Amino acid sequence: MSHYRKLGRTASQRKALLRNQVTNLIYNGKIVTTESKAKEIVGIVDGMIALAVKEKDNFETVTVKAKEVRKDKDGNKVKEDGKYVYDEVDKEIKKDNVSKLNARRKMLSFLYPVTYVPADGAKKKENTKKIDLTEKLFNEIAPKYTGRNGGYTRIVKIANRKGDGALKVLVELV
């Protein structure tokens with residue numbers, strides 16, 4: 001007996017479908033899908049959010065010395081003798097502890113990378129930016145659910161699909 005829904009797909013197709021829908025749910029906050037897919041997605045997303053809630057404050061703040069290009073008052077880089085001039089500055093960075101790093105790597109192994117392209121500059125590479133979903137999980141989503149023990153997602157039944165009569169549902173973060 002199977003312990004998961006096969007969704008009428010091969011293993012690789014099923015894994016790609018679940019990864020895609022979990023990524024979209026975390027990025028957008030809600031998606032519309034069929035009931036059987038939603039039940040599979042909810043378990044995965046709840047596990048990721050629970051991991052993010054557990055590990056969200058597990059880091060150290062470290063001060064490091066870094067070299068930074070000197071800039072003039074207009075914000076342009078300063079050159080002397082054809083080379084850029086560097087200044088040493090102290091920067092504070094967050095250094096993940098071992099368990100948070102492991103959690104981040106688990107999330108990254110499942111989630112697809114997301115690239116945001118603004119509507120006005122749709123064909124320009126300069127305007128695109130990569131969204132770090134693990135940072136979104138740790139910094140935006142996890143603080144909302146700190147006092148909550150599970151149940152981070154909600155399934156709301158919408159209607160039957162017109163073509164095949166499958167039950168469509170809305171899956172959203174609570």
# chains A, B, ... in the order shown; residues from 1 in each chain; ligands from 1
$ select_by_dssp --residues "segment 94-159 of chain A" --states "strand (DSSP E)" --output "MDAnalysis selection string"
chainID A and resid 94:96 114:116 129:131 153:159
$ write_last_selection --atoms "C-alpha atoms" --output "PDB file, in the first residue's frame"
ATOM      1  CA  LYS A  94      24.857  36.832  10.049  1.00  0.00           C
ATOM      2  CA  LYS A  95      26.625  33.496  10.328  1.00  0.00           C
ATOM      3  CA  ASP A  96      24.305  30.480  10.439  1.00  0.00           C
ATOM      4  CA  VAL A 114      12.792  32.031  -8.396  1.00  0.00           C
ATOM      5  CA  THR A 115      13.654  34.987 -10.623  1.00  0.00           C
ATOM      6  CA  TYR A 116      11.489  38.098 -10.456  1.00  0.00           C
ATOM      7  CA  LYS A 129      16.479  39.733  -9.540  1.00  0.00           C
ATOM      8  CA  LYS A 130      16.752  36.390  -7.811  1.00  0.00           C
ATOM      9  CA  ILE A 131      14.433  35.802  -4.864  1.00  0.00           C
ATOM     10  CA  THR A 153      -1.742  26.201   5.678  1.00  0.00           C
ATOM     11  CA  ARG A 154      -5.427  26.179   4.852  1.00  0.00           C
ATOM     12  CA  ILE A 155      -7.359  24.359   2.110  1.00  0.00           C
ATOM     13  CA  VAL A 156     -10.561  26.059   0.925  1.00  0.00           C
ATOM     14  CA  LYS A 157     -12.791  24.188  -1.536  1.00  0.00           C
ATOM     15  CA  ILE A 158     -13.792  26.346  -4.510  1.00  0.00           C
ATOM     16  CA  ALA A 159     -15.721  24.447  -7.195  1.00  0.00           C
TER      17      ALA A 159
END
$ closest_atom_pairs --of "segment 124-155 of chain A" --to "segment 33-46 of chain A" --cutoff "7 Å" --atoms "only C-alpha atoms" --output "tab-separated table"
residue	atom	partner	partner_atom	distance
A:Gly150	CA	A:Asp46	CA	6.9
A:Gly151	CA	A:Asp46	CA	6.9
A:Tyr152	CA	A:Asp46	CA	5.9
A:Thr153	CA	A:Val42	CA	6.4
$ select_by_dssp --residues "segment 4-60 of chain A" --states "helix (DSSP H, G or I)" --output "ChimeraX atom specification"
/A:11-28,35-55
$ closest_residue --among "A:Asn127, A:Thr63, A:Thr134, A:Asn20" --to "Lys91 of chain A" --atoms "only C-alpha atoms"
A:Thr63
$ atom_distance --atom1 "atom CA of Pro143 of chain A" --atom2 "atom CA of Ala52 of chain A"
9.0 Å
$ atom_distance --atom1 "atom CA of Asn102 of chain A" --atom2 "atom CA of Ile49 of chain A"
14.4 Å
$ atom_distance --atom1 "atom CA of Glu55 of chain A" --atom2 "atom CA of Val98 of chain A"
10.1 Å
$ closest_residue --among "A:Arg14, A:Lys125, A:Arg19, A:Lys168" --to "Phe110 of chain A" --atoms "only C-alpha atoms"
A:Arg19
$ closest_residue --among "A:Tyr84, A:Gln13, A:Leu173, A:Ala166" --to "Leu137 of chain A" --atoms "only C-alpha atoms"
A:Leu173
$ residues_around --residues "Met48 of chain A" --least-positions-apart "6" --cutoff "9 Å" --atoms "only C-alpha atoms" --output "PyMOL selection string"
chain A and resi 103+106-107+137
$ write_last_selection --atoms "N, CA, C and O atoms" --output "PDB file, in the first residue's frame"
ATOM      1  N   ALA A 103      19.226  23.111   7.783  1.00  0.00           N
ATOM      2  CA  ALA A 103      17.834  23.370   7.410  1.00  0.00           C
ATOM      3  C   ALA A 103      17.755  24.150   6.105  1.00  0.00           C
ATOM      4  O   ALA A 103      16.926  23.855   5.233  1.00  0.00           O
ATOM      5  N   LYS A 106      18.460  21.811   3.224  1.00  0.00           N
ATOM      6  CA  LYS A 106      17.311  20.941   2.957  1.00  0.00           C
ATOM      7  C   LYS A 106      16.259  21.673   2.136  1.00  0.00           C
ATOM      8  O   LYS A 106      15.682  21.124   1.200  1.00  0.00           O
ATOM      9  N   MET A 107      15.993  22.927   2.518  1.00  0.00           N
ATOM     10  CA  MET A 107      15.006  23.720   1.782  1.00  0.00           C
ATOM     11  C   MET A 107      15.470  23.984   0.350  1.00  0.00           C
ATOM     12  O   MET A 107      14.693  23.869  -0.593  1.00  0.00           O
ATOM     13  N   LEU A 137      11.465  32.429   3.992  1.00  0.00           N
ATOM     14  CA  LEU A 137      10.942  31.519   5.010  1.00  0.00           C
ATOM     15  C   LEU A 137      11.430  31.895   6.405  1.00  0.00           C
ATOM     16  O   LEU A 137      10.642  31.949   7.348  1.00  0.00           O
TER      17      LEU A 137
END
$ closest_residue --among "A:Lys6, A:Glu172, A:Asp57, A:Lys65" --to "Ile93 of chain A" --atoms "only C-alpha atoms"
A:Lys65
